[in-house]
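> Sharing work32.pdb below, PDB, C-alpha atoms and all ligand atoms:
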```pdb
ATOM      1  CA  MET A   1      93.316 119.443 108.946  1.00  0.00           C
ATOM      2  CA  LEU A   2      91.207 118.149 111.825  1.00  0.00           C
ATOM      3  CA  GLU A   3      90.561 119.571 115.254  1.00  0.00           C
ATOM      4  CA  LYS A   4      93.006 118.192 117.846  1.00  0.00           C
ATOM      5  CA  ASN A   5      92.434 114.546 118.937  1.00  0.00           C
ATOM      6  CA  GLN A   6      89.734 113.592 116.470  1.00  0.00           C
ATOM      7  CA  ASN A   7      90.941 110.071 115.674  1.00  0.00           C
ATOM      8  CA  GLU A   8      88.423 108.362 117.984  1.00  0.00           C
ATOM      9  CA  LYS A   9      85.748 109.109 115.428  1.00  0.00           C
ATOM     10  CA  LEU A  10      87.902 108.295 112.456  1.00  0.00           C
ATOM     11  CA  ASP A  11      88.527 104.603 113.073  1.00  0.00           C
ATOM     12  CA  ILE A  12      92.083 104.542 111.776  1.00  0.00           C
ATOM     13  CA  GLU A  13      94.116 101.336 111.801  1.00  0.00           C
ATOM     14  CA  THR A  14      97.798 101.935 112.664  1.00  0.00           C
ATOM     15  CA  ARG A  15     100.347  99.109 112.658  1.00  0.00           C
ATOM     16  CA  ILE A  16     103.619  97.748 111.291  1.00  0.00           C
ATOM     17  CA  ALA A  17     103.231  97.360 107.540  1.00  0.00           C
ATOM     18  CA  ILE A  18     103.631  94.054 105.722  1.00  0.00           C
ATOM     19  CA  PRO A  19     105.881  93.652 102.655  1.00  0.00           C
ATOM     20  CA  LYS A  20     103.031  93.164 100.223  1.00  0.00           C
ATOM     21  CA  GLU A  21     101.918  96.744 101.047  1.00  0.00           C
ATOM     22  CA  TRP A  22     105.073  98.193  99.454  1.00  0.00           C
ATOM     23  CA  LYS A  23     103.285  99.649  96.419  1.00  0.00           C
ATOM     24  CA  LYS A  24     100.668 101.408  98.557  1.00  0.00           C
ATOM     25  CA  LEU A  25     103.429 102.915 100.686  1.00  0.00           C
ATOM     26  CA  ARG A  26     105.443 103.951  97.639  1.00  0.00           C
ATOM     27  CA  ASP A  27     102.426 105.695  96.104  1.00  0.00           C
ATOM     28  CA  PHE A  28     101.583 107.421  99.377  1.00  0.00           C
ATOM     29  CA  ARG A  29     105.138 108.688  99.772  1.00  0.00           C
ATOM     30  CA  LEU A  30     105.321 109.937  96.176  1.00  0.00           C
ATOM     31  CA  ASN A  31     101.964 111.733  96.468  1.00  0.00           C
ATOM     32  CA  LEU A  32     102.986 113.376  99.726  1.00  0.00           C
ATOM     33  CA  LEU A  33     106.264 114.547  98.198  1.00  0.00           C
ATOM     34  CA  ASP A  34     104.338 116.168  95.348  1.00  0.00           C
ATOM     35  CA  ASP A  35     101.941 117.837  97.788  1.00  0.00           C
ATOM     36  CA  GLU A  36     104.790 119.011  99.988  1.00  0.00           C
ATOM     37  CA  SER A  37     107.156 119.992  97.166  1.00  0.00           C
ATOM     38  CA  GLY A  38     107.138 123.615  98.341  1.00  0.00           C
ATOM     39  CA  ASN A  39     108.430 122.493 101.733  1.00  0.00           C
ATOM     40  CA  SER A  40     112.165 122.187 101.360  1.00  0.00           C
ATOM     41  CA  TYR A  41     112.412 120.814 104.903  1.00  0.00           C
ATOM     42  CA  VAL A  42     110.839 117.488 103.901  1.00  0.00           C
ATOM     43  CA  ALA A  43     113.016 116.828 100.831  1.00  0.00           C
ATOM     44  CA  THR A  44     114.996 118.968  98.427  1.00  0.00           C
ATOM     45  CA  SER A  45     113.981 118.979  94.751  1.00  0.00           C
ATOM     46  CA  ARG A  46     117.147 116.969  94.000  1.00  0.00           C
ATOM     47  CA  GLN A  47     116.169 114.327  96.586  1.00  0.00           C
ATOM     48  CA  ILE A  48     112.657 114.188  95.116  1.00  0.00           C
ATOM     49  CA  ARG A  49     114.104 113.562  91.622  1.00  0.00           C
ATOM     50  CA  GLU A  50     116.248 110.717  93.029  1.00  0.00           C
ATOM     51  CA  ILE A  51     113.300 109.189  94.908  1.00  0.00           C
ATOM     52  CA  LYS A  52     111.210 109.210  91.721  1.00  0.00           C
ATOM     53  CA  LYS A  53     113.931 107.259  89.888  1.00  0.00           C
ATOM     54  CA  ARG A  54     113.915 104.333  92.355  1.00  0.00           C
ATOM     55  CA  THR A  55     113.282 100.880  90.920  1.00  0.00           C
ATOM     56  CA  ASP A  56     110.692  98.498  92.415  1.00  0.00           C
ATOM     57  CA  GLU A  57     113.513  96.491  94.008  1.00  0.00           C
ATOM     58  CA  GLN A  58     114.952  99.636  95.614  1.00  0.00           C
ATOM     59  CA  TRP A  59     111.532 100.554  97.018  1.00  0.00           C
ATOM     60  CA  LYS A  60     111.056  97.079  98.490  1.00  0.00           C
ATOM     61  CA  ASP A  61     114.490  97.238 100.073  1.00  0.00           C
ATOM     62  CA  ILE A  62     114.022 100.733 101.497  1.00  0.00           C
ATOM     63  CA  LEU A  63     110.651  99.854 103.008  1.00  0.00           C
ATOM     64  CA  PHE A  64     111.261  96.267 104.157  1.00  0.00           C
ATOM     65  CA  GLY A  65     114.931  95.349 103.737  1.00  0.00           C
ATOM     66  CA  LYS A  66     117.303  94.032 106.387  1.00  0.00           C
ATOM     67  CA  ASP A  67     117.146  96.094 109.604  1.00  0.00           C
ATOM     68  CA  LYS A  68     114.341  98.211 108.162  1.00  0.00           C
ATOM     69  CA  PHE A  69     110.610  98.327 108.707  1.00  0.00           C
ATOM     70  CA  SER A  70     107.659 100.535 107.844  1.00  0.00           C
ATOM     71  CA  VAL A  71     104.470 101.556 109.615  1.00  0.00           C
ATOM     72  CA  ILE A  72     101.137 102.300 108.025  1.00  0.00           C
ATOM     73  CA  ALA A  73      97.897 104.126 108.924  1.00  0.00           C
ATOM     74  CA  LEU A  74      94.791 103.021 107.064  1.00  0.00           C
ATOM     75  CA  LYS A  75      91.309 104.446 106.797  1.00  0.00           C
ATOM     76  CA  ASP A  76      89.383 101.496 105.399  1.00  0.00           C
ATOM     77  CA  SER A  77      91.913 100.401 102.775  1.00  0.00           C
ATOM     78  CA  GLU A  78      93.255 103.857 101.962  1.00  0.00           C
ATOM     79  CA  VAL A  79      96.709 104.803 103.264  1.00  0.00           C
ATOM     80  CA  VAL A  80      96.489 108.017 105.294  1.00  0.00           C
ATOM     81  CA  GLY A  81      99.892 107.861 106.994  1.00  0.00           C
ATOM     82  CA  MET A  82     103.255 106.129 106.990  1.00  0.00           C
ATOM     83  CA  GLY A  83     106.701 106.106 108.521  1.00  0.00           C
ATOM     84  CA  ARG A  84     109.936 104.156 108.225  1.00  0.00           C
ATOM     85  CA  ALA A  85     112.713 103.031 110.537  1.00  0.00           C
ATOM     86  CA  GLU A  86     116.159 101.842 109.608  1.00  0.00           C
ATOM     87  CA  LYS A  87     119.208 100.658 111.515  1.00  0.00           C
ATOM     88  CA  TYR A  88     122.302 102.288 110.054  1.00  0.00           C
ATOM     89  CA  LYS A  89     125.771 101.682 111.500  1.00  0.00           C
ATOM     90  CA  GLY A  90     124.158 100.170 114.591  1.00  0.00           C
ATOM     91  CA  ILE A  91     121.861 103.168 115.274  1.00  0.00           C
ATOM     92  CA  TRP A  92     118.140 103.260 114.550  1.00  0.00           C
ATOM     93  CA  HIS A  93     116.871 106.198 112.480  1.00  0.00           C
ATOM     94  CA  LEU A  94     113.269 107.321 111.984  1.00  0.00           C
ATOM     95  CA  PHE A  95     112.440 108.481 108.473  1.00  0.00           C
ATOM     96  CA  ASN A  96     109.590 109.508 106.189  1.00  0.00           C
ATOM     97  CA  LEU A  97     106.825 110.198 108.665  1.00  0.00           C
ATOM     98  CA  GLY A  98     103.865 111.646 106.821  1.00  0.00           C
ATOM     99  CA  VAL A  99     100.125 111.974 107.380  1.00  0.00           C
ATOM    100  CA  LYS A 100      97.633 112.927 104.689  1.00  0.00           C
ATOM    101  CA  ASP A 101      96.710 116.572 105.106  1.00  0.00           C
ATOM    102  CA  GLU A 102      92.992 116.048 105.875  1.00  0.00           C
ATOM    103  CA  PHE A 103      93.918 113.579 108.642  1.00  0.00           C
ATOM    104  CA  ARG A 104      96.499 115.637 110.487  1.00  0.00           C
ATOM    105  CA  ARG A 105      96.219 116.601 114.145  1.00  0.00           C
ATOM    106  CA  ALA A 106      94.414 113.350 115.024  1.00  0.00           C
ATOM    107  CA  ARG A 107      97.394 111.670 116.764  1.00  0.00           C
ATOM    108  CA  ILE A 108      98.178 109.474 113.763  1.00  0.00           C
ATOM    109  CA  GLY A 109     101.745 110.808 113.493  1.00  0.00           C
ATOM    110  CA  ALA A 110     102.236 110.256 117.229  1.00  0.00           C
ATOM    111  CA  LYS A 111     100.919 106.709 116.955  1.00  0.00           C
ATOM    112  CA  LEU A 112     103.195 105.888 113.997  1.00  0.00           C
ATOM    113  CA  THR A 113     106.121 107.227 116.038  1.00  0.00           C
ATOM    114  CA  ALA A 114     105.145 105.248 119.157  1.00  0.00           C
ATOM    115  CA  ILE A 115     104.784 102.021 117.158  1.00  0.00           C
ATOM    116  CA  ARG A 116     108.242 102.489 115.614  1.00  0.00           C
ATOM    117  CA  LEU A 117     109.946 103.300 118.907  1.00  0.00           C
ATOM    118  CA  ASN A 118     108.249 100.347 120.560  1.00  0.00           C
ATOM    119  CA  GLU A 119     109.424  98.028 117.779  1.00  0.00           C
ATOM    120  CA  ILE A 120     112.960  99.416 118.135  1.00  0.00           C
ATOM    121  CA  LYS A 121     112.815  98.584 121.856  1.00  0.00           C
ATOM    122  CA  ILE A 122     111.658  95.047 121.017  1.00  0.00           C
ATOM    123  CA  ARG A 123     114.553  94.693 118.564  1.00  0.00           C
ATOM    124  CA  GLY A 124     116.999  95.687 121.294  1.00  0.00           C
ATOM    125  CA  GLY A 125     117.791  99.187 119.974  1.00  0.00           C
ATOM    126  CA  LYS A 126     118.990 102.010 122.210  1.00  0.00           C
ATOM    127  CA  GLU A 127     120.023 105.296 120.587  1.00  0.00           C
ATOM    128  CA  VAL A 128     117.635 106.714 117.942  1.00  0.00           C
ATOM    129  CA  TYR A 129     118.137 109.589 115.476  1.00  0.00           C
ATOM    130  CA  ILE A 130     115.618 111.642 113.551  1.00  0.00           C
ATOM    131  CA  PHE A 131     116.266 114.491 111.093  1.00  0.00           C
ATOM    132  CA  VAL A 132     113.878 117.399 111.527  1.00  0.00           C
ATOM    133  CA  SER A 133     114.209 120.946 110.218  1.00  0.00           C
ATOM    134  CA  LYS A 134     113.928 123.659 112.870  1.00  0.00           C
ATOM    135  CA  ARG A 135     111.137 125.145 110.742  1.00  0.00           C
ATOM    136  CA  ASN A 136     109.038 121.962 110.798  1.00  0.00           C
ATOM    137  CA  VAL A 137     107.124 122.724 113.990  1.00  0.00           C
ATOM    138  CA  PRO A 138     104.622 119.796 113.945  1.00  0.00           C
ATOM    139  CA  SER A 139     107.379 117.248 113.424  1.00  0.00           C
ATOM    140  CA  LEU A 140     109.684 118.936 115.915  1.00  0.00           C
ATOM    141  CA  LYS A 141     107.019 118.992 118.630  1.00  0.00           C
ATOM    142  CA  ASN A 142     106.155 115.386 117.937  1.00  0.00           C
ATOM    143  CA  ALA A 143     109.811 114.333 118.281  1.00  0.00           C
ATOM    144  CA  GLU A 144     110.245 116.374 121.475  1.00  0.00           C
ATOM    145  CA  SER A 145     107.160 114.767 122.997  1.00  0.00           C
ATOM    146  CA  PHE A 146     108.999 111.416 122.824  1.00  0.00           C
ATOM    147  CA  GLY A 147     112.130 112.872 124.431  1.00  0.00           C
ATOM    148  CA  PHE A 148     114.262 113.650 121.351  1.00  0.00           C
ATOM    149  CA  ARG A 149     116.624 116.603 121.813  1.00  0.00           C
ATOM    150  CA  ARG A 150     118.419 118.618 119.156  1.00  0.00           C
ATOM    151  CA  ASP A 151     122.032 117.710 118.522  1.00  0.00           C
ATOM    152  CA  ASN A 152     124.014 120.890 117.924  1.00  0.00           C
ATOM    153  CA  THR A 153     127.357 119.164 117.540  1.00  0.00           C
ATOM    154  CA  PHE A 154     127.357 118.849 113.765  1.00  0.00           C
ATOM    155  CA  TRP A 155     127.185 121.166 110.785  1.00  0.00           C
ATOM    156  CA  GLY A 156     125.962 120.684 107.226  1.00  0.00           C
ATOM    157  CA  ARG A 157     123.269 118.112 106.418  1.00  0.00           C
ATOM    158  CA  VAL A 158     123.328 116.680 109.922  1.00  0.00           C
ATOM    159  CA  ARG A 159     122.476 119.994 111.602  1.00  0.00           C
ATOM    160  CA  ASN A 160     118.858 118.840 111.589  1.00  0.00           C
ATOM    161  CA  ARG A 161     119.607 115.800 113.687  1.00  0.00           C
ATOM    162  CA  MET A 162     117.686 115.102 116.879  1.00  0.00           C
ATOM    163  CA  ILE A 163     118.771 112.390 119.268  1.00  0.00           C
ATOM    164  CA  LEU A 164     117.150 110.061 121.728  1.00  0.00           C
ATOM    165  CA  ASP A 165     119.987 108.664 123.856  1.00  0.00           C
ATOM    166  CA  ASP A 166     118.078 105.651 125.075  1.00  0.00           C
ATOM    167  CA  VAL A 167     114.679 104.571 123.790  1.00  0.00           C
ATOM    168  CA  ASN A 168     114.165 102.764 127.126  1.00  0.00           C
ATOM    169  CA  ASN A 169     114.313 105.942 129.222  1.00  0.00           C
ATOM    170  CA  PRO A 170     111.264 106.588 131.458  1.00  0.00           C
ATOM    171  CA  ILE A 171     109.974 109.702 129.614  1.00  0.00           C
ATOM    172  CA  THR A 172     109.992 107.967 126.243  1.00  0.00           C
ATOM    173  CA  THR A 173     108.524 104.776 127.665  1.00  0.00           C
ATOM    174  CA  LYS A 174     105.693 106.727 129.304  1.00  0.00           C
ATOM    175  CA  ARG A 175     104.891 108.663 126.121  1.00  0.00           C
ATOM    176  CA  ILE A 176     104.952 105.462 123.997  1.00  0.00           C
ATOM    177  CA  GLU A 177     102.548 103.755 126.399  1.00  0.00           C
ATOM    178  CA  GLU A 178     100.239 106.768 126.591  1.00  0.00           C
ATOM    179  CA  VAL A 179      99.994 107.025 122.811  1.00  0.00           C
ATOM    180  CA  LEU A 180      99.650 103.288 122.196  1.00  0.00           C
ATOM    181  CA  ASN A 181      96.952 102.978 124.851  1.00  0.00           C
ATOM    182  CA  GLU A 182      94.884 105.817 123.459  1.00  0.00           C
ATOM    183  CA  LYS A 183      91.718 104.685 121.730  1.00  0.00           C
TER     184      LYS A 183
HETATM  185  C1  LIG A 201     104.541 115.858 111.097  1.00  0.00           C
HETATM  186  C2  LIG A 201     103.229 115.117 110.864  1.00  0.00           C
HETATM  187  C3  LIG A 201     103.537 113.687 110.426  1.00  0.00           C
HETATM  188  C4  LIG A 201     102.434 115.079 112.186  1.00  0.00           C
HETATM  189  O1  LIG A 201     101.347 114.196 112.008  1.00  0.00           O
HETATM  190  P1  LIG A 201      99.954 114.372 112.778  1.00  0.00           P
HETATM  191  O2  LIG A 201      99.219 113.100 112.658  1.00  0.00           O
HETATM  192  O3  LIG A 201      99.270 115.600 112.326  1.00  0.00           O
HETATM  193  O4  LIG A 201     100.483 114.604 114.279  1.00  0.00           O
HETATM  194  P2  LIG A 201      99.711 114.218 115.616  1.00  0.00           P
HETATM  195  O5  LIG A 201      98.297 114.665 115.556  1.00  0.00           O
HETATM  196  O6  LIG A 201      99.965 112.795 115.909  1.00  0.00           O
HETATM  197  O7  LIG A 201     100.482 115.105 116.670  1.00  0.00           O
HETATM  198  C5  LIG A 201     101.516 114.569 117.466  1.00  0.00           C
HETATM  199  C6  LIG A 201     102.248 115.691 118.137  1.00  0.00           C
HETATM  200  O8  LIG A 201     102.920 116.481 117.159  1.00  0.00           O
HETATM  201  C7  LIG A 201     102.814 117.864 117.493  1.00  0.00           C
HETATM  202  N1  LIG A 201     102.056 118.550 116.437  1.00  0.00           N
HETATM  203  C8  LIG A 201     101.389 117.972 115.406  1.00  0.00           C
HETATM  204  N2  LIG A 201     100.856 118.930 114.603  1.00  0.00           N
HETATM  205  C9  LIG A 201     101.202 120.112 115.145  1.00  0.00           C
HETATM  206  C10 LIG A 201     100.992 121.458 114.769  1.00  0.00           C
HETATM  207  N3  LIG A 201     100.304 121.773 113.670  1.00  0.00           N
HETATM  208  N4  LIG A 201     101.507 122.427 115.558  1.00  0.00           N
HETATM  209  C11 LIG A 201     102.211 122.128 116.673  1.00  0.00           C
HETATM  210  N5  LIG A 201     102.470 120.849 117.079  1.00  0.00           N
HETATM  211  C12 LIG A 201     101.974 119.863 116.317  1.00  0.00           C
HETATM  212  C13 LIG A 201     102.163 117.925 118.836  1.00  0.00           C
HETATM  213  O9  LIG A 201     103.170 117.855 119.819  1.00  0.00           O
HETATM  214  C14 LIG A 201     101.346 116.669 118.849  1.00  0.00           C
HETATM  215  O10 LIG A 201     101.108 116.159 120.135  1.00  0.00           O
HETATM  216  P3  LIG A 201      99.761 116.599 120.916  1.00  0.00           P
HETATM  217  O11 LIG A 201      98.625 116.113 120.046  1.00  0.00           O
HETATM  218  O12 LIG A 201      99.896 115.848 122.215  1.00  0.00           O
HETATM  219  O13 LIG A 201      99.782 118.087 121.024  1.00  0.00           O
HETATM  220  C15 LIG A 201     102.360 115.828 109.789  1.00  0.00           C
HETATM  221  O14 LIG A 201     102.223 117.195 110.136  1.00  0.00           O
HETATM  222  C16 LIG A 201     102.928 115.724 108.367  1.00  0.00           C
HETATM  223  O15 LIG A 201     102.668 114.744 107.663  1.00  0.00           O
HETATM  224  N6  LIG A 201     103.726 116.740 107.949  1.00  0.00           N
HETATM  225  C17 LIG A 201     104.311 116.750 106.599  1.00  0.00           C
HETATM  226  C18 LIG A 201     105.430 115.765 106.454  1.00  0.00           C
HETATM  227  C19 LIG A 201     106.531 115.978 107.471  1.00  0.00           C
HETATM  228  O16 LIG A 201     106.894 117.100 107.778  1.00  0.00           O
HETATM  229  N7  LIG A 201     107.060 114.875 108.002  1.00  0.00           N
HETATM  230  C20 LIG A 201     108.120 114.875 108.974  1.00  0.00           C
HETATM  231  C21 LIG A 201     109.447 114.928 108.330  1.00  0.00           C
HETATM  232  S1  LIG A 201     110.733 114.958 109.586  1.00  0.00           S
END
```
Represent the supplied structure as structure tokens.
Ligand SMILES: CC(C)(COP(=O)(O)OP(=O)(O)OC[C@H]1O[C@@H](n2cnc3c(N)ncnc32)[C@H](O)[C@@H]1OP(=O)(O)O)[C@@H](O)C(=O)NCCC(=O)NCCS

Amino acid sequence: MLEKNQNEKLDIETRIAIPKEWKKLRDFRLNLLDDESGNSYVATSRQIREIKKRTDEQWKDILFGKDKFSVIALKDSEVVGMGRAEKYKGIWHLFNLGVKDEFRRARIGAKLTAIRLNEIKIRGGKEVYIFVSKRNVPSLKNAESFGFRRDNTFWGRVRNRMILDDVNNPITTKRIEEVLNEK
């Protein structure tokens, strides 16, 4: 892990991914799942088994299908971070944020979140959900910094849900701009 705010020196490219990058994103996600397999708050072992069984067509759809998009962080041509967004039943969801361990704490995760929320604004979205375990402090803090609040209404799988009521609210807008404008 890096010291806080070290990305100026790292020269990382962060942007919306293009469909021909699907294999790079797939490999990054699978590697991260293996690295994080002890962390049940990222995916359960059953979910990991299901993810590993996906066909190429399923991967392409999950990463770039209708009402879905992915973001990528690159150091030269190596993927060092990714995230996904998906509109489900009319509500945008953020999924699969991950940054390579050696590159954490350099605002890459924040940037990949800001890019996704900004794109959701552009696409006319409003409410946004994210699923974050209470134990996942880095991810929780990152979500809170964009204005997400925990939803305590539900039980079961959805107990980890955090909600942003309106992606256009002033706090979220300010945080997105701050992060996107950072060098
Ligand atoms: C969560 C994750 C993507 C954060 O990525 P990152 O690039 O290290 O995060 P950033 O440097 O952009 O930090 C953004 C914000 O997150 C919070 N944060 C990040 N790491 C943190 C840590 N170790 N402790 C506390 N807060 C942390 C801070 O609020 C930070 O904002 P700040 O820099 O203004 O303090 C990364 O830790 C990761 O890949 N974790 C494993 C996978 C995972 O848990 N994904 C999320 C599933 S919901």
> For ligand LIG 201 (chain A), which residue out of A:Arg135, A:Arg150, A:Arg15, A:Lys89 is the nearest one, using all atoms listed in the file?
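That would be A:Arg135, the residue with the smallest distance to ligand LIG 201 (chain A).
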> Please report the interatomic distance between atom CA of Pro138 of chain A and atom O6 of ligand LIG 201 (chain A) in Å with one decimal.
8.6 Å
> Using all atoms listed in the file, determine which residues fall within 8 Å of ligand LIG 201 (chain A), then list them as a VMD selection string.
chain A and resid 1 4 to 5 32 36 41 to 42 81 95 to 101 103 to 112 130 to 133 136 to 145
> With all atoms listed in the file as the basis for distance, which of A:Met82, A:Leu180, A:Leu25, A:Val167 is at the shortest distance from Leu117 of chain A?
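Among the listed residues, A:Val167 lies closest to Leu117 of chain A.
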> Using all atoms listed in the file, which residues sit within 8 Å of Lys126 of chain A once same-chain residues fewer than 4 positions away are excluded, as an mmCIF file with C-alpha atoms, in the coordinates of the input?

```
data_model
loop_
_atom_site.group_PDB
_atom_site.id
_atom_site.type_symbol
_atom_site.label_atom_id
_atom_site.label_comp_id
_atom_site.auth_asym_id
_atom_site.auth_seq_id
_atom_site.Cartn_x
_atom_site.Cartn_y
_atom_site.Cartn_z
ATOM 1 C CA ILE A 91 121.861 103.168 115.274
ATOM 2 C CA TRP A 92 118.140 103.260 114.550
ATOM 3 C CA ILE A 120 112.960 99.416 118.135
ATOM 4 C CA LYS A 121 112.815 98.584 121.856
ATOM 5 C CA ASP A 165 119.987 108.664 123.856
ATOM 6 C CA ASP A 166 118.078 105.651 125.075
ATOM 7 C CA VAL A 167 114.679 104.571 123.790
ATOM 8 C CA ASN A 168 114.165 102.764 127.126
#
```
> Adding 8 Å on each side of the box along x, y and z that holds all listed atoms of segment 164-179 of chain A, could you give its centre and edge lengths in Å to one decimal, as JSON?

```
{"center_x": 110.0, "center_y": 106.4, "center_z": 126.6, "size_x": 36.0, "size_y": 23.3, "size_z": 25.7}
```
> Just the number, please: distance in Å from atom CA of Asn160 of chain A to atom CA of Val179 of chain A, one decimal.
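Separating atom CA of Asn160 of chain A from atom CA of Val179 of chain A is a distance of 24.9 Å.
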> Expanded to explicit residues, what is the PyMOL selection byres (((chain A and resi 21) around 10) and not hetatm) for this file, as number ranges by chain?
A: 17-20, 22-26, 60, 63-64, 70, 72, 79
> Got a minute to add N, CA and C atoms to segment 119-135 of chain A and dump it as an mmCIF file, in the coordinates of the input?

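Output file result08.cif follows:
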```
data_model
loop_
_atom_site.group_PDB
_atom_site.id
_atom_site.type_symbol
_atom_site.label_atom_id
_atom_site.label_comp_id
_atom_site.auth_asym_id
_atom_site.auth_seq_id
_atom_site.Cartn_x
_atom_site.Cartn_y
_atom_site.Cartn_z
ATOM 1 N N GLU A 119 108.811 99.120 118.549
ATOM 2 C CA GLU A 119 109.424 98.028 117.779
ATOM 3 C C GLU A 119 110.957 98.067 117.915
ATOM 4 N N ILE A 120 111.509 99.276 117.963
ATOM 5 C CA ILE A 120 112.960 99.416 118.135
ATOM 6 C C ILE A 120 113.383 98.875 119.509
ATOM 7 N N LYS A 121 112.553 99.155 120.524
ATOM 8 C CA LYS A 121 112.815 98.584 121.856
ATOM 9 C C LYS A 121 112.828 97.056 121.774
ATOM 10 N N ILE A 122 111.784 96.504 121.129
ATOM 11 C CA ILE A 122 111.658 95.047 121.017
ATOM 12 C C ILE A 122 112.883 94.455 120.311
ATOM 13 N N ARG A 123 113.394 95.183 119.316
ATOM 14 C CA ARG A 123 114.553 94.693 118.564
ATOM 15 C C ARG A 123 115.878 94.972 119.274
ATOM 16 N N GLY A 124 115.787 95.491 120.496
ATOM 17 C CA GLY A 124 116.999 95.687 121.294
ATOM 18 C C GLY A 124 117.764 96.962 120.993
ATOM 19 N N GLY A 125 117.113 97.931 120.297
ATOM 20 C CA GLY A 125 117.791 99.187 119.974
ATOM 21 C C GLY A 125 117.944 100.068 121.207
ATOM 22 N N LYS A 126 118.799 101.088 121.092
ATOM 23 C CA LYS A 126 118.990 102.010 122.210
ATOM 24 C C LYS A 126 118.929 103.455 121.711
ATOM 25 N N GLU A 127 119.991 103.910 121.078
ATOM 26 C CA GLU A 127 120.023 105.296 120.587
ATOM 27 C C GLU A 127 119.196 105.403 119.296
ATOM 28 N N VAL A 128 118.461 106.525 119.145
ATOM 29 C CA VAL A 128 117.635 106.714 117.942
ATOM 30 C C VAL A 128 117.849 108.144 117.427
ATOM 31 N N TYR A 129 117.980 108.273 116.112
ATOM 32 C CA TYR A 129 118.137 109.589 115.476
ATOM 33 C C TYR A 129 116.925 109.901 114.607
ATOM 34 N N ILE A 130 116.641 111.192 114.489
ATOM 35 C CA ILE A 130 115.618 111.642 113.551
ATOM 36 C C ILE A 130 116.124 112.967 112.970
ATOM 37 N N PHE A 131 115.841 113.237 111.708
ATOM 38 C CA PHE A 131 116.266 114.491 111.093
ATOM 39 C C PHE A 131 115.054 115.383 110.896
ATOM 40 N N VAL A 132 115.032 116.502 111.587
ATOM 41 C CA VAL A 132 113.878 117.399 111.527
ATOM 42 C C VAL A 132 114.363 118.843 111.389
ATOM 43 N N SER A 133 113.862 119.533 110.376
ATOM 44 C CA SER A 133 114.209 120.946 110.218
ATOM 45 C C SER A 133 113.643 121.755 111.386
ATOM 46 N N LYS A 134 114.392 122.779 111.779
ATOM 47 C CA LYS A 134 113.928 123.659 112.870
ATOM 48 C C LYS A 134 112.614 124.330 112.508
ATOM 49 N N ARG A 135 112.359 124.455 111.193
ATOM 50 C CA ARG A 135 111.137 125.145 110.742
ATOM 51 C C ARG A 135 109.923 124.229 110.740
#
```
